[in-house]
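Enquirer: What follows is coords-v1.pdb, PDB, C-alpha atoms, pLDDT in the B column.
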```
ATOM      1  CA  MET A   1     -50.393 -39.289  41.616  1.00 56.00           C
ATOM      2  CA  ARG A   2     -47.536 -36.927  42.273  1.00 62.00           C
ATOM      3  CA  ARG A   3     -45.994 -39.513  44.593  1.00 61.00           C
ATOM      4  CA  PHE A   4     -45.565 -41.979  41.661  1.00 58.00           C
ATOM      5  CA  THR A   5     -43.817 -39.496  39.369  1.00 63.00           C
ATOM      6  CA  GLN A   6     -41.213 -37.896  41.597  1.00 72.00           C
ATOM      7  CA  GLY A   7     -38.135 -38.960  43.520  1.00 77.00           C
ATOM      8  CA  PHE A   8     -36.589 -42.398  43.850  1.00 80.00           C
ATOM      9  CA  TYR A   9     -39.941 -44.182  43.942  1.00 79.00           C
ATOM     10  CA  GLY A  10     -40.972 -42.584  40.638  1.00 81.00           C
ATOM     11  CA  TYR A  11     -37.629 -43.547  39.089  1.00 84.00           C
ATOM     12  CA  ALA A  12     -38.029 -47.153  40.254  1.00 84.00           C
ATOM     13  CA  VAL A  13     -41.566 -47.396  38.840  1.00 83.00           C
ATOM     14  CA  ALA A  14     -40.472 -45.933  35.462  1.00 86.00           C
ATOM     15  CA  LEU A  15     -37.515 -48.338  35.294  1.00 89.00           C
ATOM     16  CA  PHE A  16     -39.784 -51.303  36.135  1.00 90.00           C
ATOM     17  CA  VAL A  17     -42.294 -50.289  33.424  1.00 91.00           C
ATOM     18  CA  CYS A  18     -39.504 -50.002  30.827  1.00 93.00           C
ATOM     19  CA  LEU A  19     -37.978 -53.378  31.757  1.00 90.00           C
ATOM     20  CA  ALA A  20     -41.410 -55.028  31.768  1.00 92.00           C
ATOM     21  CA  GLY A  21     -42.103 -53.587  28.296  1.00 91.00           C
ATOM     22  CA  ALA A  22     -38.751 -54.834  26.961  1.00 90.00           C
ATOM     23  CA  GLY A  23     -39.326 -58.264  28.518  1.00 87.00           C
ATOM     24  CA  LEU A  24     -42.786 -58.498  26.994  1.00 86.00           C
ATOM     25  CA  PHE A  25     -41.402 -57.500  23.599  1.00 88.00           C
ATOM     26  CA  LEU A  26     -38.690 -60.190  23.773  1.00 84.00           C
ATOM     27  CA  LEU A  27     -41.255 -62.751  24.857  1.00 84.00           C
ATOM     28  CA  ILE A  28     -43.689 -62.174  21.980  1.00 88.00           C
ATOM     29  CA  ALA A  29     -41.278 -61.144  19.168  1.00 85.00           C
ATOM     30  CA  PRO A  30     -40.458 -64.010  16.769  1.00 81.00           C
ATOM     31  CA  GLN A  31     -36.879 -65.178  17.158  1.00 79.00           C
ATOM     32  CA  SER A  32     -34.838 -67.608  15.169  1.00 76.00           C
ATOM     33  CA  ARG A  33     -31.542 -69.097  16.167  1.00 77.00           C
ATOM     34  CA  GLU A  34     -31.132 -70.726  12.760  1.00 80.00           C
ATOM     35  CA  GLU A  35     -28.958 -69.372   9.982  1.00 78.00           C
ATOM     36  CA  HIS A  36     -30.882 -67.845   7.096  1.00 79.00           C
ATOM     37  CA  ILE A  37     -29.104 -67.100   3.840  1.00 84.00           C
ATOM     38  CA  PRO A  38     -31.545 -66.264   1.035  1.00 88.00           C
ATOM     39  CA  ARG A  39     -31.184 -68.537  -1.988  1.00 90.00           C
ATOM     40  CA  LEU A  40     -31.458 -66.813  -5.365  1.00 92.00           C
ATOM     41  CA  ASP A  41     -31.922 -68.719  -8.615  1.00 94.00           C
ATOM     42  CA  TYR A  42     -29.500 -67.491 -11.269  1.00 95.00           C
ATOM     43  CA  SER A  43     -30.832 -69.466 -14.266  1.00 94.00           C
ATOM     44  CA  ILE A  44     -32.799 -66.536 -15.749  1.00 96.00           C
ATOM     45  CA  THR A  45     -29.824 -64.197 -15.293  1.00 96.00           C
ATOM     46  CA  VAL A  46     -27.514 -66.687 -17.056  1.00 96.00           C
ATOM     47  CA  ALA A  47     -30.033 -67.100 -19.904  1.00 95.00           C
ATOM     48  CA  ASN A  48     -30.380 -63.331 -20.322  1.00 96.00           C
ATOM     49  CA  PHE A  49     -26.606 -62.941 -20.264  1.00 96.00           C
ATOM     50  CA  GLY A  50     -26.301 -65.650 -22.943  1.00 95.00           C
ATOM     51  CA  HIS A  51     -28.650 -63.712 -25.219  1.00 94.00           C
ATOM     52  CA  SER A  52     -26.613 -60.519 -24.829  1.00 94.00           C
ATOM     53  CA  VAL A  53     -23.059 -61.757 -25.502  1.00 94.00           C
ATOM     54  CA  PRO A  54     -21.421 -63.159 -28.655  1.00 93.00           C
ATOM     55  CA  TYR A  55     -19.969 -66.304 -27.039  1.00 93.00           C
ATOM     56  CA  GLY A  56     -21.064 -69.424 -25.175  1.00 93.00           C
ATOM     57  CA  VAL A  57     -21.668 -68.585 -21.514  1.00 96.00           C
ATOM     58  CA  TRP A  58     -19.995 -70.541 -18.733  1.00 96.00           C
ATOM     59  CA  ALA A  59     -22.197 -71.430 -15.767  1.00 95.00           C
ATOM     60  CA  PRO A  60     -22.274 -74.018 -13.002  1.00 95.00           C
ATOM     61  CA  GLN A  61     -23.873 -77.234 -14.202  1.00 94.00           C
ATOM     62  CA  ARG A  62     -25.012 -77.698 -10.604  1.00 93.00           C
ATOM     63  CA  ASP A  63     -24.268 -75.925  -7.342  1.00 94.00           C
ATOM     64  CA  PRO A  64     -21.628 -77.577  -5.159  1.00 94.00           C
ATOM     65  CA  ALA A  65     -23.076 -79.527  -2.208  1.00 93.00           C
ATOM     66  CA  ASN A  66     -24.292 -77.307   0.654  1.00 94.00           C
ATOM     67  CA  TRP A  67     -23.482 -74.083  -1.228  1.00 96.00           C
ATOM     68  CA  ILE A  68     -26.118 -71.362  -1.438  1.00 96.00           C
ATOM     69  CA  SER A  69     -26.283 -69.077  -4.459  1.00 96.00           C
ATOM     70  CA  ASN A  70     -27.190 -65.754  -2.892  1.00 96.00           C
ATOM     71  CA  SER A  71     -26.565 -63.118  -5.561  1.00 96.00           C
ATOM     72  CA  ASN A  72     -26.460 -62.724  -9.328  1.00 97.00           C
ATOM     73  CA  ARG A  73     -26.441 -59.841 -11.730  1.00 97.00           C
ATOM     74  CA  ILE A  74     -25.360 -58.604 -15.128  1.00 96.00           C
ATOM     75  CA  ALA A  75     -23.335 -55.406 -15.106  1.00 95.00           C
ATOM     76  CA  GLU A  76     -21.648 -53.117 -17.568  1.00 92.00           C
ATOM     77  CA  GLY A  77     -17.878 -53.616 -17.593  1.00 87.00           C
ATOM     78  CA  GLU A  78     -15.264 -51.414 -19.143  1.00 87.00           C
ATOM     79  CA  ASN A  79     -15.456 -50.616 -22.863  1.00 85.00           C
ATOM     80  CA  GLY A  80     -19.144 -51.635 -22.919  1.00 88.00           C
ATOM     81  CA  ALA A  81     -18.488 -55.316 -22.188  1.00 93.00           C
ATOM     82  CA  LYS A  82     -21.087 -57.221 -20.185  1.00 95.00           C
ATOM     83  CA  VAL A  83     -20.092 -58.963 -16.935  1.00 96.00           C
ATOM     84  CA  LEU A  84     -21.981 -61.824 -15.285  1.00 97.00           C
ATOM     85  CA  TYR A  85     -21.645 -62.212 -11.501  1.00 97.00           C
ATOM     86  CA  ILE A  86     -22.889 -65.157  -9.425  1.00 97.00           C
ATOM     87  CA  GLY A  87     -22.261 -65.072  -5.667  1.00 97.00           C
ATOM     88  CA  TYR A  88     -22.251 -67.956  -3.199  1.00 97.00           C
ATOM     89  CA  ALA A  89     -22.045 -68.797   0.470  1.00 95.00           C
ATOM     90  CA  THR A  90     -19.923 -71.960   0.543  1.00 95.00           C
ATOM     91  CA  ALA A  91     -20.424 -75.052   2.703  1.00 93.00           C
ATOM     92  CA  GLU A  92     -17.899 -73.487   5.132  1.00 92.00           C
ATOM     93  CA  ARG A  93     -19.884 -70.205   4.939  1.00 93.00           C
ATOM     94  CA  GLN A  94     -17.185 -68.307   3.122  1.00 95.00           C
ATOM     95  CA  HIS A  95     -17.949 -65.971   0.222  1.00 96.00           C
ATOM     96  CA  VAL A  96     -17.198 -66.884  -3.398  1.00 97.00           C
ATOM     97  CA  MET A  97     -17.999 -64.919  -6.541  1.00 97.00           C
ATOM     98  CA  PHE A  98     -17.898 -66.240 -10.096  1.00 98.00           C
ATOM     99  CA  ALA A  99     -17.459 -63.578 -12.784  1.00 97.00           C
ATOM    100  CA  GLN A 100     -17.055 -63.781 -16.551  1.00 97.00           C
ATOM    101  CA  SER A 101     -16.676 -61.297 -19.357  1.00 97.00           C
ATOM    102  CA  ASN A 102     -15.101 -60.768 -22.756  1.00 95.00           C
ATOM    103  CA  GLU A 103     -13.814 -57.384 -21.569  1.00 94.00           C
ATOM    104  CA  GLN A 104     -10.511 -56.335 -23.112  1.00 93.00           C
ATOM    105  CA  PRO A 105      -7.808 -56.335 -22.037  1.00 93.00           C
ATOM    106  CA  ALA A 106      -8.531 -59.668 -20.358  1.00 93.00           C
ATOM    107  CA  ALA A 107      -5.635 -59.199 -17.932  1.00 93.00           C
ATOM    108  CA  GLY A 108      -7.164 -55.942 -16.695  1.00 94.00           C
ATOM    109  CA  PHE A 109     -10.539 -57.585 -16.054  1.00 95.00           C
ATOM    110  CA  ALA A 110      -8.912 -60.529 -14.247  1.00 95.00           C
ATOM    111  CA  SER A 111      -6.776 -58.221 -12.096  1.00 95.00           C
ATOM    112  CA  ARG A 112      -9.758 -56.049 -11.176  1.00 95.00           C
ATOM    113  CA  MET A 113     -11.905 -59.043 -10.162  1.00 95.00           C
ATOM    114  CA  ALA A 114      -9.061 -60.729  -8.244  1.00 95.00           C
ATOM    115  CA  ASN A 115      -7.826 -57.459  -6.687  1.00 93.00           C
ATOM    116  CA  SER A 116      -4.345 -58.599  -7.684  1.00 93.00           C
ATOM    117  CA  ASP A 117      -2.189 -59.020 -10.750  1.00 91.00           C
ATOM    118  CA  LYS A 118       0.320 -61.321  -9.008  1.00 91.00           C
ATOM    119  CA  THR A 119       0.204 -65.006  -9.934  1.00 91.00           C
ATOM    120  CA  VAL A 120       1.105 -67.438  -7.137  1.00 95.00           C
ATOM    121  CA  GLY A 121       0.948 -70.622  -9.196  1.00 93.00           C
ATOM    122  CA  THR A 122      -1.468 -72.685 -11.234  1.00 94.00           C
ATOM    123  CA  GLN A 123      -4.056 -75.353 -10.513  1.00 94.00           C
ATOM    124  CA  GLN A 124      -5.498 -78.088 -12.702  1.00 94.00           C
ATOM    125  CA  VAL A 125      -9.269 -78.464 -12.539  1.00 94.00           C
ATOM    126  CA  GLY A 126     -11.055 -80.853 -14.883  1.00 89.00           C
ATOM    127  CA  GLY A 127      -8.214 -80.817 -17.409  1.00 90.00           C
ATOM    128  CA  ALA A 128      -8.045 -77.011 -17.538  1.00 93.00           C
ATOM    129  CA  THR A 129      -5.275 -74.872 -16.089  1.00 95.00           C
ATOM    130  CA  TRP A 130      -6.355 -72.059 -13.790  1.00 97.00           C
ATOM    131  CA  GLU A 131      -4.035 -69.310 -12.587  1.00 96.00           C
ATOM    132  CA  ARG A 132      -3.926 -68.801  -8.814  1.00 97.00           C
ATOM    133  CA  ARG A 133      -3.841 -65.305  -7.326  1.00 97.00           C
ATOM    134  CA  TYR A 134      -3.787 -64.344  -3.654  1.00 96.00           C
ATOM    135  CA  ARG A 135      -4.186 -61.043  -1.884  1.00 95.00           C
ATOM    136  CA  GLU A 136      -3.116 -61.478   1.732  1.00 93.00           C
ATOM    137  CA  ASP A 137      -4.489 -58.259   3.232  1.00 94.00           C
ATOM    138  CA  LYS A 138      -8.027 -59.181   2.103  1.00 93.00           C
ATOM    139  CA  ASN A 139      -7.598 -62.949   2.597  1.00 93.00           C
ATOM    140  CA  GLN A 140      -8.781 -63.226  -1.013  1.00 96.00           C
ATOM    141  CA  ARG A 141      -7.951 -66.181  -3.227  1.00 97.00           C
ATOM    142  CA  SER A 142      -8.751 -66.243  -6.942  1.00 97.00           C
ATOM    143  CA  LEU A 143      -8.696 -68.708  -9.785  1.00 97.00           C
ATOM    144  CA  VAL A 144      -8.402 -67.080 -13.215  1.00 97.00           C
ATOM    145  CA  ARG A 145      -8.805 -68.688 -16.624  1.00 97.00           C
ATOM    146  CA  VAL A 146      -8.340 -66.653 -19.790  1.00 95.00           C
ATOM    147  CA  SER A 147      -9.476 -68.031 -23.148  1.00 93.00           C
ATOM    148  CA  PRO A 148      -9.573 -66.214 -26.485  1.00 92.00           C
ATOM    149  CA  GLU A 149     -13.268 -65.360 -26.135  1.00 93.00           C
ATOM    150  CA  VAL A 150     -13.925 -65.021 -22.386  1.00 96.00           C
ATOM    151  CA  THR A 151     -12.193 -64.545 -19.025  1.00 96.00           C
ATOM    152  CA  LEU A 152     -13.437 -66.550 -16.030  1.00 97.00           C
ATOM    153  CA  VAL A 153     -12.663 -65.539 -12.441  1.00 97.00           C
ATOM    154  CA  ILE A 154     -13.626 -67.377  -9.251  1.00 98.00           C
ATOM    155  CA  THR A 155     -12.689 -65.315  -6.209  1.00 97.00           C
ATOM    156  CA  GLY A 156     -13.441 -64.969  -2.526  1.00 97.00           C
ATOM    157  CA  THR A 157     -12.435 -65.820   1.024  1.00 96.00           C
ATOM    158  CA  ALA A 158     -12.881 -69.569   0.500  1.00 96.00           C
ATOM    159  CA  ASP A 159      -9.859 -71.862   0.427  1.00 95.00           C
ATOM    160  CA  TRP A 160      -8.328 -73.300  -2.756  1.00 96.00           C
ATOM    161  CA  PRO A 161     -10.235 -76.631  -2.667  1.00 96.00           C
ATOM    162  CA  GLU A 162     -13.581 -74.817  -2.435  1.00 96.00           C
ATOM    163  CA  LEU A 163     -12.678 -72.515  -5.337  1.00 96.00           C
ATOM    164  CA  ALA A 164     -11.637 -75.579  -7.359  1.00 96.00           C
ATOM    165  CA  GLU A 165     -14.925 -77.278  -6.460  1.00 96.00           C
ATOM    166  CA  LEU A 166     -16.870 -74.464  -8.133  1.00 96.00           C
ATOM    167  CA  ALA A 167     -14.480 -74.404 -11.098  1.00 96.00           C
ATOM    168  CA  GLY A 168     -15.129 -78.120 -11.591  1.00 96.00           C
ATOM    169  CA  THR A 169     -18.874 -77.528 -11.998  1.00 96.00           C
ATOM    170  CA  LEU A 170     -18.526 -74.931 -14.771  1.00 96.00           C
ATOM    171  CA  LYS A 171     -19.690 -75.930 -18.243  1.00 95.00           C
ATOM    172  CA  GLN A 172     -19.927 -73.800 -21.346  1.00 93.00           C
ATOM    173  CA  ARG A 173     -23.410 -73.467 -22.779  1.00 88.00           C
ATOM    174  CA  PRO A 174     -24.028 -73.012 -26.494  1.00 83.00           C
ATOM    175  CA  GLN A 175     -24.073 -69.456 -27.777  1.00 79.00           C
ATOM    176  CA  GLY A 176     -27.436 -67.686 -27.868  1.00 66.00           C
TER     177      GLY A 176
END
```
Would you mind giving the structure from this file in C-alpha cells?

Expert:
Amino acid sequence: MRRFTQGFYGYAVALFVCLAGAGLFLLIAPQSREEHIPRLDYSITVANFGHSVPYGVWAPQRDPANWISNSNRIAEGENGAKVLYIGYATAERQHVMFAQSNEQPAAGFASRMANSDKTVGTQQVGGATWERRYREDKNQRSLVRVSPEVTLVITGTADWPELAELAGTLKQRPQG
C-alpha cells in the first residue's frame, strides 16, 4: 500500500482519482444551457399598494412582449411616503425599474430614482409628456412624469424605445 501513496506514482494516482471524481460529477449533475429569469407576479403587490395610498395607482395594463417581471416590492420612502417598485428584464435583457410615489418634494424623489437631476429632453408617450434623464457613467436612462398627486419614474439600462414601451402600457387604476 505504501507504494500507492508515495512519490510520483502516488501523486499520479491521486490526481487521476480527483479528475475522475470531477468528471463523474459533471456527467451526473443537471446542467442547463437555457436562460432562466424567474417571473414574479406583481398584481398582489399593486393591489396592496393601492389600498395603502390616497391616490389611483399606476401599473402596467399588460407586460410588454417578451419582458419578464422579476421583482416587485413596496418600500418606505422619505417623509413616510410609500414607494412601489416593479422590476423587469426587457426583451433585449436589459434592466428596467418602474417606481411611483407621492413623496414630496417630487423632484427629490425623481432625482433619487433616476440618479440624476439633469433633464436631457422630453418624450411623448400616449399623449403624455415624459422628461428624459441620462446618467452616462451608469449607462442609465430615465423617463420621469410628475403629476400633482404622484411621480412616475421608469429607469434602467434599456434604450429610450424600450422605456417608452413600458410607459405606454401604464394605466391609472381607481383609488382604493

Enquirer: Step by step, work through what the PyMOL selection byres ((chain A and resi 59-75) around 8) selects in the shown file, and finish by giving those residues as a PyMOL selection string.

Expert: chain A and resi 37-42+45-46+49+57-58+76-77+82-91+165-166+169-173

Enquirer: Just so the selection is clear, what residues does the PyMOL selection byres ((chain A and resi 103) around 8) cover here, as a short mmCIF file (atom, residue, chain, number, x, y, z; two decimals) with C-alpha atoms, in the frame of the given file?

Expert:
```
data_model
loop_
_atom_site.label_atom_id
_atom_site.label_comp_id
_atom_site.auth_asym_id
_atom_site.auth_seq_id
_atom_site.Cartn_x
_atom_site.Cartn_y
_atom_site.Cartn_z
CA GLY A 77 -17.88 -53.62 -17.59
CA GLU A 78 -15.26 -51.41 -19.14
CA ASN A 79 -15.46 -50.62 -22.86
CA GLY A 80 -19.14 -51.64 -22.92
CA ALA A 81 -18.49 -55.32 -22.19
CA LYS A 82 -21.09 -57.22 -20.18
CA VAL A 83 -20.09 -58.96 -16.93
CA SER A 101 -16.68 -61.30 -19.36
CA ASN A 102 -15.10 -60.77 -22.76
CA GLN A 104 -10.51 -56.34 -23.11
CA PRO A 105 -7.81 -56.34 -22.04
CA ALA A 106 -8.53 -59.67 -20.36
CA PHE A 109 -10.54 -57.58 -16.05
CA VAL A 150 -13.92 -65.02 -22.39
CA THR A 151 -12.19 -64.54 -19.02
#
```

Enquirer: Go through the shown structure with the PyMOL selection byres ((chain A and resi 141) around 6) and write out the matching residues as a VMD selection string.

Expert: chain A and resid 133 to 134 140 142 155 to 156

Enquirer: Could the centre and edge lengths of an axis-aligned box, enclosing all atoms of stretch 21-39 of chain A in the file with 3 Å extra on each side, be given in Å to one decimal as JSON?

Expert:
```
{"center_x": -36.3, "center_y": -62.2, "center_z": 13.3, "size_x": 20.7, "size_y": 23.1, "size_z": 36.5}
```

Enquirer: With all atoms listed in the file as the atoms that count, which of A:Met113, A:Val120, A:Leu19, A:Ala47 lies nearest to A:Leu152?

Expert: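 Looking only at the distances to A:Leu152, the closest residue turns out to be A:Met113.
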
Enquirer: Tell me, as number ranges by chain, which residues lie within 12 Å of A:Gln124, counting all atoms listed in the file; anything in the same chain fewer than 4 positions away does not count.

Expert: A: 128-132, 143-145, 160-161, 163-165, 167-168
